[in-house]
Structures are given as C-alpha cells and as structure tokens.
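Enquirer: Next up, model.cif (mmCIF, C-alpha atoms).
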data_coords
#
loop_
_atom_site.group_PDB
_atom_site.id
_atom_site.type_symbol
_atom_site.label_atom_id
_atom_site.label_comp_id
_atom_site.auth_asym_id
_atom_site.auth_seq_id
_atom_site.Cartn_x
_atom_site.Cartn_y
_atom_site.Cartn_z
ATOM 1 C CA MET E 5 79.242 137.619 139.115
ATOM 2 C CA LYS E 6 81.323 134.499 139.804
ATOM 3 C CA ARG E 7 78.204 132.375 139.396
ATOM 4 C CA PHE E 8 77.502 134.073 136.069
ATOM 5 C CA PHE E 9 81.005 133.351 134.727
ATOM 6 C CA ALA E 10 80.871 129.792 136.004
ATOM 7 C CA SER E 11 77.578 129.287 134.157
ATOM 8 C CA LEU E 12 79.023 130.883 131.030
ATOM 9 C CA VAL E 13 82.058 128.583 131.084
ATOM 10 C CA LEU E 14 79.810 125.544 131.590
ATOM 11 C CA PHE E 15 77.633 126.640 128.658
ATOM 12 C CA VAL E 16 80.631 127.086 126.377
ATOM 13 C CA VAL E 17 82.213 123.759 127.376
ATOM 14 C CA THR E 18 78.912 121.914 126.929
ATOM 15 C CA GLY E 19 78.364 123.572 123.560
ATOM 16 C CA VAL E 20 81.854 122.715 122.323
ATOM 17 C CA SER E 21 81.428 119.103 123.484
ATOM 18 C CA ALA E 22 78.148 118.857 121.591
ATOM 19 C CA VAL E 23 79.711 120.238 118.420
ATOM 20 C CA PHE E 24 82.618 117.779 118.490
ATOM 21 C CA SER E 25 80.716 114.787 119.877
ATOM 22 C CA GLN E 26 80.654 111.913 117.405
ATOM 23 C CA ASP E 27 79.306 108.388 117.417
ATOM 24 C CA THR E 28 81.498 105.488 116.366
ATOM 25 C CA TRP E 29 80.094 102.897 113.963
ATOM 26 C CA ASN E 30 81.901 99.585 113.550
ATOM 27 C CA LEU E 31 81.764 97.107 110.674
ATOM 28 C CA ASP E 32 79.400 94.178 110.957
ATOM 29 C CA LYS E 33 81.679 91.910 108.934
ATOM 30 C CA SER E 34 79.156 89.082 108.637
ATOM 31 C CA HIS E 35 76.908 91.436 106.648
ATOM 32 C CA SER E 36 79.580 93.276 104.669
ATOM 33 C CA SER E 37 81.666 92.510 101.589
ATOM 34 C CA VAL E 38 84.400 93.917 99.346
ATOM 35 C CA LYS E 39 84.092 92.714 95.748
ATOM 36 C CA PHE E 40 85.628 93.578 92.384
ATOM 37 C CA ALA E 41 85.231 92.718 88.716
ATOM 38 C CA VAL E 42 87.570 93.112 85.746
ATOM 39 C CA LYS E 43 87.317 92.304 82.055
ATOM 40 C CA HIS E 44 88.936 89.084 80.858
ATOM 41 C CA LEU E 45 89.873 88.608 77.188
ATOM 42 C CA VAL E 46 87.665 91.656 76.467
ATOM 43 C CA VAL E 47 84.570 89.447 76.179
ATOM 44 C CA SER E 48 83.774 88.548 79.806
ATOM 45 C CA GLU E 49 84.263 89.598 83.417
ATOM 46 C CA THR E 50 86.115 87.853 86.225
ATOM 47 C CA GLU E 51 84.920 88.563 89.747
ATOM 48 C CA GLY E 52 86.632 88.304 93.091
ATOM 49 C CA ALA E 53 86.491 89.427 96.690
ATOM 50 C CA PHE E 54 88.652 90.247 99.675
ATOM 51 C CA LYS E 55 87.667 88.170 102.685
ATOM 52 C CA LEU E 56 89.475 90.153 105.386
ATOM 53 C CA PHE E 57 88.892 93.859 105.959
ATOM 54 C CA SER E 58 88.307 96.326 108.773
ATOM 55 C CA GLY E 59 87.119 99.863 109.218
ATOM 56 C CA SER E 60 85.237 102.383 111.272
ATOM 57 C CA VAL E 61 83.036 105.395 110.737
ATOM 58 C CA LYS E 62 82.636 108.380 113.035
ATOM 59 C CA ALA E 63 79.593 110.580 112.481
ATOM 60 C CA LYS E 64 77.948 113.418 114.363
ATOM 61 C CA ASP E 65 74.463 112.114 113.587
ATOM 62 C CA GLU E 66 72.583 109.470 111.608
ATOM 63 C CA SER E 67 72.646 111.522 108.410
ATOM 64 C CA PHE E 68 76.379 110.613 108.222
ATOM 65 C CA VAL E 69 77.170 113.903 106.435
ATOM 66 C CA ASP E 70 80.875 114.715 106.843
ATOM 67 C CA ALA E 71 81.502 111.335 108.491
ATOM 68 C CA GLN E 72 85.102 110.286 109.088
ATOM 69 C CA ILE E 73 85.700 107.010 107.245
ATOM 70 C CA ASP E 74 88.718 104.696 107.441
ATOM 71 C CA PHE E 75 88.931 101.318 105.733
ATOM 72 C CA THR E 76 91.653 98.689 105.403
ATOM 73 C CA VAL E 77 91.723 95.559 103.236
ATOM 74 C CA ASP E 78 94.026 92.574 103.729
ATOM 75 C CA VAL E 79 95.398 91.925 100.244
ATOM 76 C CA THR E 80 96.439 88.364 101.127
ATOM 77 C CA SER E 81 92.752 87.482 101.561
ATOM 78 C CA ILE E 82 91.981 87.915 97.840
ATOM 79 C CA ASN E 83 89.726 85.148 96.510
ATOM 80 C CA THR E 84 88.717 84.568 92.877
ATOM 81 C CA ASP E 85 87.878 80.881 93.343
ATOM 82 C CA ASP E 86 91.123 79.903 91.607
ATOM 83 C CA GLU E 87 94.207 79.343 93.772
ATOM 84 C CA LYS E 88 96.668 79.720 90.888
ATOM 85 C CA ARG E 89 95.112 83.027 89.814
ATOM 86 C CA ASP E 90 94.980 84.236 93.424
ATOM 87 C CA GLY E 91 98.682 83.467 93.767
ATOM 88 C CA HIS E 92 99.440 85.457 90.608
ATOM 89 C CA LEU E 93 97.402 88.410 91.900
ATOM 90 C CA LYS E 94 99.411 88.379 95.140
ATOM 91 C CA SER E 95 102.702 88.457 93.188
ATOM 92 C CA ASP E 96 104.645 91.525 92.085
ATOM 93 C CA ASP E 97 102.815 91.445 88.736
ATOM 94 C CA PHE E 98 99.855 92.796 90.659
ATOM 95 C CA PHE E 99 99.554 93.566 94.407
ATOM 96 C CA ASN E 100 102.908 92.289 95.722
ATOM 97 C CA ALA E 101 101.090 91.214 98.894
ATOM 98 C CA GLU E 102 104.332 90.244 100.646
ATOM 99 C CA LYS E 103 105.661 93.811 100.514
ATOM 100 C CA PHE E 104 102.330 95.645 100.518
ATOM 101 C CA PRO E 105 99.912 93.479 102.546
ATOM 102 C CA GLN E 106 97.208 96.123 102.925
ATOM 103 C CA MET E 107 95.131 98.482 100.842
ATOM 104 C CA LYS E 108 93.895 101.545 102.699
ATOM 105 C CA PHE E 109 91.175 104.123 102.160
ATOM 106 C CA VAL E 110 90.969 107.343 104.170
ATOM 107 C CA GLY E 111 87.882 109.421 103.544
ATOM 108 C CA LYS E 112 88.175 113.165 103.010
ATOM 109 C CA SER E 113 84.574 114.079 102.168
ATOM 110 C CA PHE E 114 81.153 112.450 102.522
ATOM 111 C CA LYS E 115 78.390 114.604 101.050
ATOM 112 C CA LYS E 116 74.758 114.126 100.086
ATOM 113 C CA ALA E 117 74.141 113.793 96.343
ATOM 114 C CA GLY E 118 70.369 113.283 96.308
ATOM 115 C CA LYS E 119 67.782 111.278 98.199
ATOM 116 C CA GLY E 120 69.558 108.272 99.660
ATOM 117 C CA LYS E 121 72.660 109.133 97.594
ATOM 118 C CA TYR E 122 76.085 110.274 98.727
ATOM 119 C CA LYS E 123 79.459 111.023 97.186
ATOM 120 C CA LEU E 124 82.439 109.674 99.118
ATOM 121 C CA THR E 125 85.868 111.052 98.255
ATOM 122 C CA GLY E 126 89.133 109.974 99.792
ATOM 123 C CA ASP E 127 92.653 108.661 99.321
ATOM 124 C CA LEU E 128 93.048 105.065 98.164
ATOM 125 C CA THR E 129 96.466 103.478 98.691
ATOM 126 C CA ILE E 130 97.401 100.312 96.789
ATOM 127 C CA ARG E 131 101.001 99.135 96.903
ATOM 128 C CA ASP E 132 102.985 102.373 97.417
ATOM 129 C CA VAL E 133 100.669 104.564 95.326
ATOM 130 C CA THR E 134 98.036 106.874 96.800
ATOM 131 C CA LYS E 135 95.399 108.530 94.625
ATOM 132 C CA THR E 136 92.158 110.358 95.313
ATOM 133 C CA VAL E 137 89.056 108.439 94.246
ATOM 134 C CA SER E 138 85.313 109.021 94.519
ATOM 135 C CA PHE E 139 82.646 106.438 95.306
ATOM 136 C CA ASP E 140 78.955 106.666 94.472
ATOM 137 C CA VAL E 141 77.135 105.602 97.632
ATOM 138 C CA ASP E 142 73.594 104.332 98.161
ATOM 139 C CA PHE E 143 72.416 104.779 101.755
ATOM 140 C CA GLY E 144 69.995 102.062 102.837
ATOM 141 C CA GLY E 145 69.044 103.833 106.044
ATOM 142 C CA VAL E 146 69.195 103.150 109.775
ATOM 143 C CA ALA E 147 67.327 100.391 111.614
ATOM 144 C CA LYS E 148 67.239 98.513 114.929
ATOM 145 C CA ASP E 149 67.932 94.802 114.854
ATOM 146 C CA PRO E 150 65.983 92.332 117.055
ATOM 147 C CA TRP E 151 68.647 92.648 119.778
ATOM 148 C CA GLY E 152 68.392 96.416 120.081
ATOM 149 C CA ASN E 153 71.500 97.276 118.068
ATOM 150 C CA THR E 154 71.390 100.275 115.750
ATOM 151 C CA LYS E 155 72.523 99.375 112.238
ATOM 152 C CA ALA E 156 73.157 101.389 109.064
ATOM 153 C CA GLY E 157 73.674 100.113 105.523
ATOM 154 C CA PHE E 158 75.615 101.440 102.537
ATOM 155 C CA LYS E 159 76.639 100.289 99.069
ATOM 156 C CA ALA E 160 79.629 102.102 97.567
ATOM 157 C CA SER E 161 80.935 101.640 94.042
ATOM 158 C CA THR E 162 83.687 103.056 91.891
ATOM 159 C CA THR E 163 86.007 102.161 89.004
ATOM 160 C CA VAL E 164 89.781 102.533 89.133
ATOM 161 C CA ASN E 165 92.548 102.028 86.610
ATOM 162 C CA ARG E 166 94.765 99.279 88.035
ATOM 163 C CA LEU E 167 97.759 100.504 86.020
ATOM 164 C CA ASP E 168 97.662 103.742 88.043
ATOM 165 C CA TYR E 169 98.561 101.644 91.085
ATOM 166 C CA ASN E 170 101.339 99.622 89.416
ATOM 167 C CA LEU E 171 99.234 96.469 89.061
ATOM 168 C CA LYS E 172 101.150 96.232 85.862
ATOM 169 C CA TRP E 173 100.715 92.786 84.266
ATOM 170 C CA ASN E 174 99.344 93.568 80.821
ATOM 171 C CA THR E 175 99.711 90.749 78.272
ATOM 172 C CA MET E 176 98.017 91.661 74.993
ATOM 173 C CA LEU E 177 95.923 89.577 72.635
ATOM 174 C CA GLU E 178 96.618 89.220 68.925
ATOM 175 C CA THR E 179 93.455 91.224 68.304
ATOM 176 C CA GLY E 180 94.850 94.131 70.313
ATOM 177 C CA GLY E 181 92.864 93.811 73.521
ATOM 178 C CA ALA E 182 94.312 92.949 76.937
ATOM 179 C CA VAL E 183 94.012 89.572 78.637
ATOM 180 C CA VAL E 184 93.111 91.479 81.815
ATOM 181 C CA GLY E 185 91.334 94.807 81.515
ATOM 182 C CA LYS E 186 92.771 97.915 83.100
ATOM 183 C CA GLU E 187 89.472 99.159 84.566
ATOM 184 C CA VAL E 188 88.478 97.476 87.840
ATOM 185 C CA LYS E 189 84.972 97.861 89.237
ATOM 186 C CA ILE E 190 84.858 97.923 93.040
ATOM 187 C CA VAL E 191 81.664 97.345 95.012
ATOM 188 C CA VAL E 192 81.644 97.577 98.800
ATOM 189 C CA ASN E 193 78.551 96.563 100.759
ATOM 190 C CA ILE E 194 78.752 97.742 104.340
ATOM 191 C CA GLU E 195 76.585 97.209 107.390
ATOM 192 C CA LEU E 196 77.602 99.285 110.386
ATOM 193 C CA ALA E 197 76.763 98.770 114.032
ATOM 194 C CA LYS E 198 76.583 101.819 116.285
ATOM 195 C CA ALA E 199 78.928 101.471 119.248
ATOM 196 C CA LYS E 200 77.096 101.516 122.545
ATOM 197 C CA ALA E 201 78.060 104.226 125.014
#
Written as structure tokens, how would this file's structure read?

Expert:
Amino acid sequence: MKRFFASLVLFVVTGVSAVFSQDTWNLDKSHSSVKFAVKHLVVSETEGAFKLFSGSVKAKDESFVDAQIDFTVDVTSINTDDEKRDGHLKSDDFFNAEKFPQMKFVGKSFKKAGKGKYKLTGDLTIRDVTKTVSFDVDFGGVAKDPWGNTKAGFKASTTVNRLDYNLKWNTMLETGGAVVGKEVKIVVNIELAKAKA
C-alpha cells in the first residue's frame, strides 16, 4: 500500500510539473527591432526606432499559445536620424524620458487568429499611463540556426493614439491638420532564442 501511495504521489508531482513547465525564450537583439511611424504635416510619414530594448517570452511549447510576454523599451534610445527632433521627443512635450525612461508592455493574452496569425493583448505603459492594446502578430515559425540554437520569429504591429499617453505636443496647421499626427504605427520584429536547459 505504501508503494502504491508513493507511486501515486510521484505521478501527481510529475504531472503537475509537466503542466507548469515552460521554456524561456530570450531576445536575439541583433535580429530584432522596434520601429514606429507617424504622419507629418498630414502629407507624409516620419519613421523612427528605439535602439535599446529587452524582453523575454515563456511558453509551454513551440505553438506559443498563452505565452507569457514581457517587453521593455529604453525611451532615451529613440532615433529618428535627427538629433534636434530626438531631443524634442525626449522632452516633456512627448516622452519626458528623464522622468519616465522606459516604456513597458506586459502581455495578458496570446491567442491564435488563423494560420501563422496571432492576437497579442496586454498592458502598454508610456509615461505614467497604462492602457490595454492589441497587436496583430505574424508568426514566422521555429528553426535551428547553424550553431544548433532554436530560434522563433514574430512580427507584431499595432496603432496607438499618442495623446492617450500624454505625448501631448499638438501644433496645428492653418489648414486644420496637425504638424504631428496623433496615430502612431508600431512595428516590432522579434527573433527569439530558446534558452538551453
């Protein structure tokens, strides 16, 4: 009887461990990017990127369904190829990078939305404002690199209203449009490397 209960306990513990076991995937920063685009003078778009960011993904398998996703961007690393404009974006008119040096995203849901498609929902914090946003995600798949590392690729995109996050500078044109548009397109290309046990 003791042997039976010991086997039962071992079965339960093993089963619970299997259910909660998750793999950690880390960012391959040399093959990842965080970019954005916003309308300028209504007639064109200005693009930029954040050069410093970090994040991790924990998933129970390589389908990544219900993965736990955390992502942080260093606001001071903003780059639009114009130092004066970058300085303005770091000021209190926009990000106030001195007081709020990071943007953060914490995923709440990662669900399939078709073949190779996912919907990622989570809380995005910019400055001192947190709002729930959803990203459309293209899943490139999983592959081994020449050195035996397991990699996975994703492209996530969304559009947010910068005014919702107190990026408030909003000079208007005589024609009625804004110098800088309120809608900001965000595109995140991510390559993940599976952590080795």

Enquirer: Between E:Ala53, E:Ala199, E:Ala101, E:Ile194, which residue has the minimum interatomic distance to E:Leu171, considering only C-alpha atoms?

Expert: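 Closest candidate: E:Ala101.
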
Enquirer: Would you please work out which residue, of E:Lys159, E:Thr134, E:Gln72, E:Arg166, is nearest to E:Leu93 when using all atoms listed in the file?

Expert: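 Ranked by minimum distance to E:Leu93, first place goes to E:Arg166.
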
Enquirer: Written as a list of chain:residue names, which residues does the PyMOL selection byres ((chain E and resi 119-123) around 9) give for the file shown?

Expert: E:Val69, E:Ser113, E:Phe114, E:Lys115, E:Lys116, E:Ala117, E:Gly118, E:Leu124, E:Thr125, E:Ser138, E:Phe139, E:Asp140, E:Val141, E:Asp142, E:Phe143, E:Gly144, E:Gly145, E:Ala160

Enquirer: Determine the residue set returned by the PyMOL selection byres ((chain E and resi 60) around 6) for the present structure, and present it as a ChimeraX atom specification.

Expert: /E:29-30,59,61,74

Enquirer: Expand the PyMOL selection byres ((chain E and resi 58) around 12) into the explicit residue set it covers here, and present it as a VMD selection string.

Expert: chain E and resid 29 to 34 36 to 38 54 to 57 59 to 61 73 to 79 106 to 109 194 to 196

Enquirer: Write the residues of the preceding selection, restricted to C-alpha atoms, as a short mmCIF file (atom, residue, chain, number, x, y, z; two decimals), keeping the file's coordinate frame.

Expert:
data_model
loop_
_atom_site.label_atom_id
_atom_site.label_comp_id
_atom_site.auth_asym_id
_atom_site.auth_seq_id
_atom_site.Cartn_x
_atom_site.Cartn_y
_atom_site.Cartn_z
CA TRP E 29 80.09 102.90 113.96
CA ASN E 30 81.90 99.58 113.55
CA LEU E 31 81.76 97.11 110.67
CA ASP E 32 79.40 94.18 110.96
CA LYS E 33 81.68 91.91 108.93
CA SER E 34 79.16 89.08 108.64
CA SER E 36 79.58 93.28 104.67
CA SER E 37 81.67 92.51 101.59
CA VAL E 38 84.40 93.92 99.35
CA PHE E 54 88.65 90.25 99.68
CA LYS E 55 87.67 88.17 102.68
CA LEU E 56 89.48 90.15 105.39
CA PHE E 57 88.89 93.86 105.96
CA GLY E 59 87.12 99.86 109.22
CA SER E 60 85.24 102.38 111.27
CA VAL E 61 83.04 105.40 110.74
CA ILE E 73 85.70 107.01 107.24
CA ASP E 74 88.72 104.70 107.44
CA PHE E 75 88.93 101.32 105.73
CA THR E 76 91.65 98.69 105.40
CA VAL E 77 91.72 95.56 103.24
CA ASP E 78 94.03 92.57 103.73
CA VAL E 79 95.40 91.92 100.24
CA GLN E 106 97.21 96.12 102.92
CA MET E 107 95.13 98.48 100.84
CA LYS E 108 93.90 101.54 102.70
CA PHE E 109 91.18 104.12 102.16
CA ILE E 194 78.75 97.74 104.34
CA GLU E 195 76.58 97.21 107.39
CA LEU E 196 77.60 99.28 110.39
#

Enquirer: Determine, counting only C-alpha atoms, which protein, DNA and RNA residues have an atom within 12 Å of an atom of stretch 96-98 of chain E; residues of the same chain fewer than 3 positions away are not included. Present the result as an NGL selection string.

Expert: :E and (79-80 or 82 or 89-93 or 101-105 or 130-131 or 166-175 or 184 or 186)

Enquirer: Quote the spacing between atom CA of E:Asp127 and atom CA of E:Gly157 in Å to one decimal place.

Expert: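 Going from atom CA of E:Asp127 over to atom CA of E:Gly157 covers 21.7 Å.
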
Enquirer: How many Å separate atom CA of E:Lys155 from atom CA of E:Lys200?

Expert: 11.5 Å

Enquirer: Measure the distance from atom CA of E:Ala41 to atom CA of E:Asn165 in Å and round it to one decimal.

Expert: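 Between atom CA of E:Ala41 and atom CA of E:Asn165 the gap works out to 12.0 Å.
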
Enquirer: Counting all atoms listed in the file, which of E:Ala156, E:Phe99, E:Asp70, E:Glu87 gets nearest to E:Val133?

Expert: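 Closest to E:Val133, using all atoms listed in the file: E:Phe99.
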
Enquirer: Please list as a ChimeraX atom specification every residue within 6 Å of E:Thr154, counting only C-alpha atoms and excluding residues in the same chain fewer than 3 positions away.

Expert: /E:147-148,197-198

Enquirer: Which one of E:Val110, E:Val164, E:Val146, E:Val191 sits closest to E:Ala71 if you count all atoms listed in the file?

Expert: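 When distances to E:Ala71 are compared using all atoms listed in the file, the smallest one comes from E:Val110.
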
Enquirer: Just want the 10 Å neighbourhood of E:Val42, counted on all atoms listed in the file, with same-chain residues fewer than 4 positions away dropped. Output as a PyMOL selection string.

Expert: chain E and resi 46+48-52+163+166+184-190

Enquirer: Could those selected residues go to a file with C-alpha atoms, as a PDB file, in the frame of the given file?

Expert:
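selection_12.pdb, freshly written:
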ATOM      1  CA  VAL E  46      87.665  91.656  76.467  1.00  0.00           C
ATOM      2  CA  SER E  48      83.774  88.548  79.806  1.00  0.00           C
ATOM      3  CA  GLU E  49      84.263  89.598  83.417  1.00  0.00           C
ATOM      4  CA  THR E  50      86.115  87.853  86.225  1.00  0.00           C
ATOM      5  CA  GLU E  51      84.920  88.563  89.747  1.00  0.00           C
ATOM      6  CA  GLY E  52      86.632  88.304  93.091  1.00  0.00           C
ATOM      7  CA  THR E 163      86.007 102.161  89.004  1.00  0.00           C
ATOM      8  CA  ARG E 166      94.765  99.279  88.035  1.00  0.00           C
ATOM      9  CA  VAL E 184      93.111  91.479  81.815  1.00  0.00           C
ATOM     10  CA  GLY E 185      91.334  94.807  81.515  1.00  0.00           C
ATOM     11  CA  LYS E 186      92.771  97.915  83.100  1.00  0.00           C
ATOM     12  CA  GLU E 187      89.472  99.159  84.566  1.00  0.00           C
ATOM     13  CA  VAL E 188      88.478  97.476  87.840  1.00  0.00           C
ATOM     14  CA  LYS E 189      84.972  97.861  89.237  1.00  0.00           C
ATOM     15  CA  ILE E 190      84.858  97.923  93.040  1.00  0.00           C
TER      16      ILE E 190
END

Enquirer: Grab stretch 115-127 of chain E from that structure and dump N, CA and C atoms to a file, as a compact mmCIF listing (two decimals), in the first residue's frame.

Expert:
# COMPACT_ATOMS: atom_id res chain seq x y z
N LYS E 115 -3.21 34.53 -28.41
CA LYS E 115 -4.11 33.52 -28.96
C LYS E 115 -3.94 33.41 -30.48
N LYS E 116 -4.16 32.22 -31.00
CA LYS E 116 -4.15 32.02 -32.44
C LYS E 116 -5.32 32.75 -33.09
N ALA E 117 -5.04 33.32 -34.29
CA ALA E 117 -6.08 34.06 -35.02
C ALA E 117 -6.08 33.64 -36.49
N GLY E 118 -5.63 32.42 -36.76
CA GLY E 118 -5.54 31.92 -38.13
C GLY E 118 -4.19 31.27 -38.35
N LYS E 119 -3.97 30.76 -39.53
CA LYS E 119 -2.71 30.10 -39.83
C LYS E 119 -1.56 31.11 -39.79
N GLY E 120 -0.63 30.88 -38.88
CA GLY E 120 0.51 31.78 -38.75
C GLY E 120 0.15 33.15 -38.20
N LYS E 121 -1.07 33.30 -37.67
CA LYS E 121 -1.54 34.59 -37.15
C LYS E 121 -1.90 34.45 -35.67
N TYR E 122 -1.58 35.49 -34.92
CA TYR E 122 -1.92 35.54 -33.50
C TYR E 122 -2.46 36.92 -33.15
N LYS E 123 -3.14 36.98 -32.03
CA LYS E 123 -3.57 38.25 -31.45
C LYS E 123 -2.93 38.35 -30.06
N LEU E 124 -2.12 39.38 -29.89
CA LEU E 124 -1.46 39.63 -28.61
C LEU E 124 -2.12 40.82 -27.93
N THR E 125 -2.58 40.61 -26.71
CA THR E 125 -3.21 41.67 -25.94
C THR E 125 -2.47 41.84 -24.63
N GLY E 126 -2.25 43.08 -24.25
CA GLY E 126 -1.56 43.33 -22.99
C GLY E 126 -1.61 44.79 -22.60
N ASP E 127 -0.94 45.12 -21.51
CA ASP E 127 -0.93 46.48 -20.99
C ASP E 127 0.35 47.20 -21.44
